[in-house]
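Novice: So here's protein_18.cif, just mmCIF, C-alpha atoms and all ligand atoms:
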```
data_start
loop_
_atom_site.group_PDB
_atom_site.id
_atom_site.type_symbol
_atom_site.label_atom_id
_atom_site.label_comp_id
_atom_site.auth_asym_id
_atom_site.auth_seq_id
_atom_site.Cartn_x
_atom_site.Cartn_y
_atom_site.Cartn_z
ATOM 1 C CA MET A 1058 28.107 -2.990 -10.400
ATOM 2 C CA THR A 1059 30.814 -4.422 -8.138
ATOM 3 C CA THR A 1060 33.234 -2.951 -5.609
ATOM 4 C CA ARG A 1061 37.013 -3.021 -6.113
ATOM 5 C CA ALA A 1062 37.059 -6.263 -4.139
ATOM 6 C CA GLY A 1063 34.773 -7.717 -6.808
ATOM 7 C CA ARG A 1064 31.691 -7.766 -4.561
ATOM 8 C CA ARG A 1065 28.349 -6.200 -5.260
ATOM 9 C CA PRO A 1066 27.697 -3.201 -3.002
ATOM 10 C CA LEU A 1067 25.556 -3.975 0.043
ATOM 11 C CA THR A 1068 22.744 -1.796 -1.299
ATOM 12 C CA ALA A 1069 22.506 -4.067 -4.347
ATOM 13 C CA ARG A 1070 22.688 -7.125 -2.117
ATOM 14 C CA ALA A 1071 19.873 -5.749 0.020
ATOM 15 C CA HIS A 1072 17.740 -5.224 -3.094
ATOM 16 C CA ALA A 1073 18.479 -8.741 -4.318
ATOM 17 C CA ALA A 1074 17.475 -10.210 -0.945
ATOM 18 C CA VAL A 1075 14.264 -8.183 -0.692
ATOM 19 C CA ALA A 1076 13.153 -8.602 -4.322
ATOM 20 C CA PRO A 1077 11.655 -12.115 -3.887
ATOM 21 C CA ARG A 1078 9.254 -10.730 -1.247
ATOM 22 C CA LEU A 1079 7.906 -8.082 -3.648
ATOM 23 C CA PHE A 1080 5.291 -8.550 -6.346
ATOM 24 C CA PRO A 1081 2.813 -6.431 -8.306
ATOM 25 C CA GLY A 1082 0.407 -4.931 -5.787
ATOM 26 C CA ALA A 1083 2.773 -5.207 -2.800
ATOM 27 C CA LEU A 1084 3.005 -2.488 -0.152
ATOM 28 C CA ALA A 1085 6.422 -1.301 0.981
ATOM 29 C CA VAL A 1086 8.168 1.407 2.990
ATOM 30 C CA ASP A 1087 11.466 3.130 2.421
ATOM 31 C CA ALA A 1088 12.258 4.357 5.943
ATOM 32 C CA THR A 1089 15.128 6.586 4.752
ATOM 33 C CA ALA A 1090 14.489 7.985 1.278
ATOM 34 C CA GLY A 1091 17.826 9.846 0.954
ATOM 35 C CA ASN A 1092 18.685 10.195 -2.721
ATOM 36 C CA GLY A 1093 15.872 7.879 -3.730
ATOM 37 C CA HIS A 1094 17.755 4.817 -4.976
ATOM 38 C CA ASP A 1095 15.945 2.448 -2.603
ATOM 39 C CA THR A 1096 12.573 4.126 -3.163
ATOM 40 C CA ARG A 1097 13.038 3.777 -6.894
ATOM 41 C CA PHE A 1098 13.856 0.091 -6.504
ATOM 42 C CA LEU A 1099 10.749 -0.501 -4.378
ATOM 43 C CA ALA A 1100 8.506 1.504 -6.711
ATOM 44 C CA GLY A 1101 9.662 -0.566 -9.666
ATOM 45 C CA ALA A 1102 9.135 -3.849 -7.849
ATOM 46 C CA VAL A 1103 5.607 -3.220 -6.520
ATOM 47 C CA GLY A 1104 4.181 -2.463 -9.961
ATOM 48 C CA ALA A 1105 1.452 -0.043 -10.922
ATOM 49 C CA THR A 1106 -0.988 -1.419 -8.328
ATOM 50 C CA GLY A 1107 1.508 -1.375 -5.461
ATOM 51 C CA ARG A 1108 2.275 1.468 -3.081
ATOM 52 C CA VAL A 1109 5.458 2.740 -1.442
ATOM 53 C CA TRP A 1110 5.690 5.171 1.456
ATOM 54 C CA ALA A 1111 9.075 6.913 1.619
ATOM 55 C CA PHE A 1112 10.136 8.857 4.717
ATOM 56 C CA ASP A 1113 12.890 11.382 5.245
ATOM 57 C CA VAL A 1114 13.363 14.316 7.592
ATOM 58 C CA GLN A 1115 15.208 16.479 5.050
ATOM 59 C CA PRO A 1116 13.540 18.343 2.165
ATOM 60 C CA PRO A 1117 16.617 17.958 -0.118
ATOM 61 C CA ALA A 1118 16.352 14.183 0.251
ATOM 62 C CA LEU A 1119 12.684 14.159 -0.672
ATOM 63 C CA GLU A 1120 13.345 16.476 -3.617
ATOM 64 C CA ALA A 1121 16.099 14.178 -4.905
ATOM 65 C CA THR A 1122 13.807 11.184 -4.492
ATOM 66 C CA ALA A 1123 10.926 12.920 -6.271
ATOM 67 C CA GLN A 1124 13.191 13.766 -9.205
ATOM 68 C CA ARG A 1125 14.458 10.213 -9.459
ATOM 69 C CA LEU A 1126 10.935 8.818 -9.419
ATOM 70 C CA GLN A 1127 9.704 11.308 -11.969
ATOM 71 C CA ALA A 1128 12.586 10.481 -14.302
ATOM 72 C CA ALA A 1129 11.636 6.801 -14.030
ATOM 73 C CA GLY A 1130 7.902 7.461 -14.447
ATOM 74 C CA LEU A 1131 7.205 5.929 -11.029
ATOM 75 C CA ALA A 1132 6.102 8.936 -8.974
ATOM 76 C CA GLN A 1133 2.433 7.857 -8.904
ATOM 77 C CA ARG A 1134 3.238 4.780 -6.839
ATOM 78 C CA VAL A 1135 5.000 6.583 -4.021
ATOM 79 C CA HIS A 1136 3.872 8.732 -1.117
ATOM 80 C CA LEU A 1137 6.772 10.992 -0.093
ATOM 81 C CA ILE A 1138 6.561 11.908 3.565
ATOM 82 C CA GLN A 1139 8.633 14.540 5.312
ATOM 83 C CA ALA A 1140 8.669 13.022 8.780
ATOM 84 C CA GLY A 1141 10.806 10.767 10.907
ATOM 85 C CA HIS A 1142 10.339 7.060 10.226
ATOM 86 C CA GLU A 1143 9.502 6.623 13.923
ATOM 87 C CA HIS A 1144 6.132 8.199 13.007
ATOM 88 C CA LEU A 1145 5.369 5.525 10.402
ATOM 89 C CA ALA A 1146 2.067 4.598 12.034
ATOM 90 C CA ASP A 1147 0.788 8.185 11.740
ATOM 91 C CA HIS A 1148 1.257 8.252 7.963
ATOM 92 C CA LEU A 1149 0.157 4.866 6.639
ATOM 93 C CA PRO A 1150 -3.506 3.975 6.154
ATOM 94 C CA PRO A 1151 -4.760 1.499 8.768
ATOM 95 C CA GLU A 1152 -5.464 -0.987 5.954
ATOM 96 C CA ALA A 1153 -1.721 -1.346 5.405
ATOM 97 C CA ARG A 1154 -1.109 -2.684 8.912
ATOM 98 C CA GLY A 1155 0.227 -6.244 8.771
ATOM 99 C CA ARG A 1156 0.567 -6.034 4.985
ATOM 100 C CA LEU A 1157 3.974 -4.474 4.341
ATOM 101 C CA ALA A 1158 6.025 -6.813 2.174
ATOM 102 C CA ALA A 1159 9.265 -4.911 2.789
ATOM 103 C CA VAL A 1160 10.642 -2.069 4.883
ATOM 104 C CA LEU A 1161 14.085 -0.735 3.974
ATOM 105 C CA PHE A 1162 16.373 1.177 6.328
ATOM 106 C CA ASN A 1163 19.560 2.657 4.905
ATOM 107 C CA LEU A 1164 20.950 4.411 7.968
ATOM 108 C CA GLY A 1165 23.414 7.256 8.425
ATOM 109 C CA TYR A 1166 23.563 10.572 6.567
ATOM 110 C CA LEU A 1167 22.467 11.824 3.182
ATOM 111 C CA PRO A 1168 25.340 11.293 0.711
ATOM 112 C CA GLY A 1169 26.216 14.696 -0.749
ATOM 113 C CA GLY A 1170 24.114 16.397 1.934
ATOM 114 C CA ASP A 1171 24.398 17.511 5.548
ATOM 115 C CA HIS A 1172 26.517 14.854 7.277
ATOM 116 C CA SER A 1173 25.398 16.005 10.723
ATOM 117 C CA ARG A 1174 21.797 14.940 10.083
ATOM 118 C CA ILE A 1175 22.170 11.259 10.810
ATOM 119 C CA THR A 1176 19.747 8.569 11.871
ATOM 120 C CA ARG A 1177 19.770 8.130 15.668
ATOM 121 C CA PRO A 1178 19.447 5.007 17.814
ATOM 122 C CA GLU A 1179 16.277 6.042 19.684
ATOM 123 C CA THR A 1180 14.311 6.907 16.562
ATOM 124 C CA THR A 1181 15.749 4.039 14.511
ATOM 125 C CA LEU A 1182 14.699 1.504 17.149
ATOM 126 C CA ALA A 1183 11.233 3.068 17.472
ATOM 127 C CA ALA A 1184 10.892 2.852 13.693
ATOM 128 C CA LEU A 1185 12.015 -0.787 13.670
ATOM 129 C CA GLU A 1186 9.336 -1.613 16.222
ATOM 130 C CA ALA A 1187 6.762 0.133 14.030
ATOM 131 C CA ALA A 1188 8.056 -1.698 10.955
ATOM 132 C CA LEU A 1189 7.632 -5.053 12.704
ATOM 133 C CA ALA A 1190 4.112 -4.171 13.803
ATOM 134 C CA TRP A 1191 3.121 -3.248 10.234
ATOM 135 C CA LEU A 1192 5.000 -6.045 8.482
ATOM 136 C CA HIS A 1193 3.226 -8.866 6.679
ATOM 137 C CA PRO A 1194 3.995 -12.240 8.342
ATOM 138 C CA ARG A 1195 6.105 -13.100 5.281
ATOM 139 C CA GLY A 1196 7.565 -9.629 4.888
ATOM 140 C CA VAL A 1197 11.172 -8.589 5.375
ATOM 141 C CA VAL A 1198 12.979 -5.657 6.970
ATOM 142 C CA SER A 1199 16.359 -4.753 5.547
ATOM 143 C CA VAL A 1200 18.742 -2.622 7.614
ATOM 144 C CA LEU A 1201 21.984 -1.248 6.232
ATOM 145 C CA ALA A 1202 24.016 0.202 9.102
ATOM 146 C CA TYR A 1203 27.225 2.203 8.670
ATOM 147 C CA ARG A 1204 29.831 2.190 11.405
ATOM 148 C CA GLY A 1205 32.403 4.640 10.012
ATOM 149 C CA HIS A 1206 30.796 8.029 10.781
ATOM 150 C CA ASP A 1207 30.373 9.731 14.178
ATOM 151 C CA GLY A 1208 27.448 8.028 15.851
ATOM 152 C CA GLY A 1209 27.352 5.127 13.394
ATOM 153 C CA LYS A 1210 29.068 2.594 15.636
ATOM 154 C CA ALA A 1211 26.855 3.531 18.615
ATOM 155 C CA GLU A 1212 23.769 3.166 16.436
ATOM 156 C CA TYR A 1213 24.883 -0.265 15.260
ATOM 157 C CA GLU A 1214 25.580 -1.361 18.834
ATOM 158 C CA ALA A 1215 22.112 -0.170 19.874
ATOM 159 C CA LEU A 1216 20.709 -2.134 16.963
ATOM 160 C CA GLN A 1217 22.507 -5.287 18.062
ATOM 161 C CA ALA A 1218 21.314 -4.883 21.658
ATOM 162 C CA TRP A 1219 17.732 -4.355 20.427
ATOM 163 C CA LEU A 1220 17.973 -7.473 18.286
ATOM 164 C CA ALA A 1221 19.184 -9.530 21.233
ATOM 165 C CA ARG A 1222 16.343 -8.153 23.390
ATOM 166 C CA ARG A 1223 13.628 -8.649 20.765
ATOM 167 C CA THR A 1224 14.574 -12.146 19.603
ATOM 168 C CA PRO A 1225 12.453 -14.260 19.032
ATOM 169 C CA VAL A 1226 9.822 -11.576 18.281
ATOM 170 C CA VAL A 1227 12.166 -10.566 15.506
ATOM 171 C CA ARG A 1228 14.350 -13.071 13.699
ATOM 172 C CA CYS A 1229 17.634 -12.238 11.992
ATOM 173 C CA LEU A 1230 17.733 -14.074 8.662
ATOM 174 C CA HIS A 1231 21.046 -12.852 7.525
ATOM 175 C CA ARG A 1232 23.887 -10.685 8.756
ATOM 176 C CA GLU A 1233 26.622 -9.618 6.427
ATOM 177 C CA SER A 1234 29.661 -7.515 7.160
ATOM 178 C CA PRO A 1235 32.798 -7.902 5.084
ATOM 179 C CA ALA A 1236 35.232 -6.123 7.469
ATOM 180 C CA ALA A 1237 35.466 -4.762 10.993
ATOM 181 C CA HIS A 1238 34.379 -1.177 10.298
ATOM 182 C CA ALA A 1239 32.459 -1.848 7.107
ATOM 183 C CA PRO A 1240 28.710 -1.376 6.767
ATOM 184 C CA VAL A 1241 26.516 -4.209 7.977
ATOM 185 C CA LEU A 1242 23.471 -5.590 6.193
ATOM 186 C CA LEU A 1243 20.804 -7.176 8.374
ATOM 187 C CA LEU A 1244 17.706 -8.912 7.058
ATOM 188 C CA LEU A 1245 14.961 -9.334 9.625
ATOM 189 C CA GLU A 1246 11.526 -10.866 9.705
ATOM 190 C CA ARG A 1247 8.790 -11.444 12.235
ATOM 191 C CA GLY A 1248 9.582 -14.258 14.621
ATOM 192 C CA ASP A 1249 6.055 -15.673 14.315
ATOM 193 C CA THR A 1250 6.474 -16.467 10.611
ATOM 194 C CA PRO A 1251 5.322 -20.043 10.093
ATOM 195 C CA GLY A 1252 8.158 -22.334 9.113
ATOM 196 C CA GLY A 1253 10.603 -19.437 9.517
ATOM 197 C CA CYS A 1254 13.944 -19.048 7.901
ATOM 198 C CA MET A 1255 17.272 -20.245 9.167
ATOM 199 C CA GLN A 1256 20.053 -17.733 9.493
ATOM 200 C CA ASP A 1257 22.337 -19.602 7.132
ATOM 201 C CA ARG A 1258 19.846 -19.802 4.284
ATOM 202 C CA PRO A 1259 19.479 -17.016 1.756
ATOM 203 C CA CYS A 1260 16.255 -15.066 1.974
ATOM 204 C CA GLY A 1261 15.537 -15.532 -1.692
ATOM 205 C CA LYS A 1262 14.423 -19.085 -0.911
ATOM 206 C CA PHE A 1263 11.448 -17.761 1.052
ATOM 207 C CA PRO A 1264 9.147 -15.862 -1.251
ATOM 208 C CA VAL A 1265 5.816 -14.524 -0.039
ATOM 209 C CA GLN A 1266 3.491 -17.477 -0.462
ATOM 210 C CA LYS A 1267 0.132 -15.783 -0.221
ATOM 211 C CA PRO A 1268 0.056 -12.485 -2.105
ATOM 212 C CA LEU A 1269 -1.188 -9.510 -0.152
ATOM 213 C CA SER A 1270 -4.389 -7.995 -1.384
ATOM 214 C CA PRO A 1271 -3.410 -5.135 -3.668
ATOM 215 C CA GLU A 1272 -6.334 -2.822 -2.869
ATOM 216 C CA ILE A 1273 -5.547 0.241 -0.877
ATOM 217 C CA PRO A 1274 -8.423 2.674 -0.598
HETATM 218 C C1 LIG B 1 22.042 6.862 3.858
HETATM 219 S S1 LIG B 1 20.736 7.993 3.584
HETATM 220 C C2 LIG B 1 19.510 7.007 2.773
HETATM 221 C C3 LIG B 1 19.884 6.593 1.375
HETATM 222 C C4 LIG B 1 18.683 6.254 0.513
HETATM 223 N N1 LIG B 1 17.927 5.141 0.989
HETATM 224 C C5 LIG B 1 18.999 6.122 -0.962
HETATM 225 O O1 LIG B 1 18.611 5.127 -1.576
HETATM 226 O O2 LIG B 1 19.592 7.048 -1.512
HETATM 227 C C6 LIG B 1 20.022 8.219 5.182
HETATM 228 C C7 LIG B 1 18.850 9.190 5.198
HETATM 229 O O3 LIG B 1 18.180 9.044 6.455
HETATM 230 C C8 LIG B 1 17.557 10.273 6.723
HETATM 231 N N2 LIG B 1 17.093 10.318 8.109
HETATM 232 C C9 LIG B 1 17.730 10.699 9.243
HETATM 233 N N3 LIG B 1 16.929 10.579 10.311
HETATM 234 C C10 LIG B 1 15.746 10.112 9.852
HETATM 235 C C11 LIG B 1 14.504 9.774 10.476
HETATM 236 N N4 LIG B 1 14.318 9.870 11.790
HETATM 237 N N5 LIG B 1 13.506 9.346 9.690
HETATM 238 C C12 LIG B 1 13.652 9.227 8.334
HETATM 239 N N6 LIG B 1 14.809 9.518 7.701
HETATM 240 C C13 LIG B 1 15.838 9.949 8.446
HETATM 241 C C14 LIG B 1 18.623 11.289 6.357
HETATM 242 O O4 LIG B 1 18.054 12.566 6.169
HETATM 243 C C15 LIG B 1 19.225 10.665 5.100
HETATM 244 O O5 LIG B 1 18.660 11.233 3.942
#
```
Have the structure of the file written as structure tokens, please.
Specialist:
Amino acid sequence: MTTRAGRRPLTARAHAAVAPRLFPGALAVDATAGNGHDTRFLAGAVGATGRVWAFDVQPPALEATAQRLQAAGLAQRVHLIQAGHEHLADHLPPEARGRLAAVLFNLGYLPGGDHSRITRPETTLAALEAALAWLHPRGVVSVLAYRGHDGGKAEYEALQAWLARRTPVVRCLHRESPAAHAPVLLLLERGDTPGGCMQDRPCGKFPVQKPLSPEIP
């Protein structure tokens, strides 16, 4: 699928960038389940032995995600969690710490849902810190930030300030924004990754080299 400008949507670009870090048995988090498109992508990519934890604060979002997973036959691979992503550490088994291959954030509001229930800077930043703490050294965090809705620009600015503060603990691999008020795609990884990535190189060139152990009790 492409946009009218002939570009793939940023969600598809995020999936393409994250895909090389995923493999059968990988562990992943969808920090904002929404309508379940990202959760479905992750569930497909981690295979039958992988696990995905998908968070959302709204029951309609989790219901939509559950339906999408069931239709795809992927529900068994996913833990659906009705909680804010800032509570990630309370919901993942300790064995998953340091082993997440990917954490996806698709910020903003639920399309087709309540537009007043948006992600917020304080909780988004707390969740990003948790994501970094639980990320595998070769894992990736994808953040899709929207600047067009009320609160979206402030959230993106908070995100930028956090990134400036937390570099080099977190490294920005890639930043993509086609126009001034358009959504922004950020790809982040831990700053202590050996032989880390340069900002101008596509993430796909840096696959996970040592597979994570697939066993999760
Ligand atoms: C743009 S949608 C996500 C789209 C989704 N990833 C998809 O593939 O359809 C943003 C979602 O973030 C959720 N959200 C808001 N605050 C949250 C929080 N603190 N923790 C987790 N999810 C949150 C909203 O309820 C909404 O469903």
Novice: Can you pull out the residues contacting range 1132-1138 of chain A? Cut-off 6 Å, using only C-alpha atoms, and skip same-chain residues under 5 positions away; I want them as JSON, numbers by chain.
Specialist: {"A": [1108, 1109, 1110, 1111, 1112, 1126, 1127]}
Novice: If we count only C-alpha atoms and set the cut-off at 10 Å, which residues sit around Leu1084 in chain A, ignoring sequence neighbours fewer than 2 positions away in its own chain? Please answer as a ChimeraX atom specification.
Specialist: /A:1079-1082,1086,1099-1100,1102-1104,1106-1110,1134,1153-1154,1156-1160,1192-1193,1196,1269-1273
Novice: Return the single residue from A:Thr1250, A:Thr1224, A:Thr1122, A:Thr1180 that is closest to Asp1095 in chain A, with distances computed using all atoms listed in the file.
Specialist: A:Thr1122
Novice: Give the residue list for ligand LIG 1 (chain B) at 6 Å, counting all atoms listed in the file, as an MDAnalysis selection string, sorted by chain and then by residue number.
Specialist: chainID A and resid 1088:1095 1112:1115 1118 1141:1142 1163:1167 1174:1176 1180
Novice: Expanded to explicit residues, what is the PyMOL selection byres (((chain A and resi 1202) around 9) and not hetatm) for this file, as a list in words?
Specialist: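 In the shown coordinates, the PyMOL selection byres (((chain A and resi 1202) around 9) and not hetatm) covers Phe1162, Asn1163, Leu1164, Gly1165, Val1200, Leu1201, Tyr1203, Arg1204, Gly1209, Lys1210, Glu1212, Tyr1213, Leu1216, Ala1239, Pro1240, Val1241, Leu1242 and Leu1243 of chain A.
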Novice: In Å, with one decimal, what is the gap from CA of Gly1205 in chain A to CA of Leu1220 in chain A?
Specialist: 20.6 Å
Novice: From the set A:Val1197, A:Ala1128, A:Ala1237, A:Ala1085, which residue has the shortest atom-to-atom contact distance to Leu1145 in chain A, counting all atoms listed in the file?
Specialist: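 Comparing A:Val1197, A:Ala1128, A:Ala1237, A:Ala1085 against Leu1145 in chain A, the winner is A:Ala1085.
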Novice: Rounded to one decimal place, report the CA of Thr1096 in chain A-CA of Leu1189 in chain A distance in Å.
Specialist: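 Spanning CA of Thr1096 in chain A to CA of Leu1189 in chain A is a straight-line distance of 19.0 Å.
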Novice: Let me make sure I understand: among A:Ala1140, A:Ala1073, A:Leu1067, A:Ala1146, which one has the smallest atom-to-atom distance to Trp1191 in chain A if we use only C-alpha atoms?
Specialist: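 Using only C-alpha atoms, Trp1191 in chain A sits closest to A:Ala1146.
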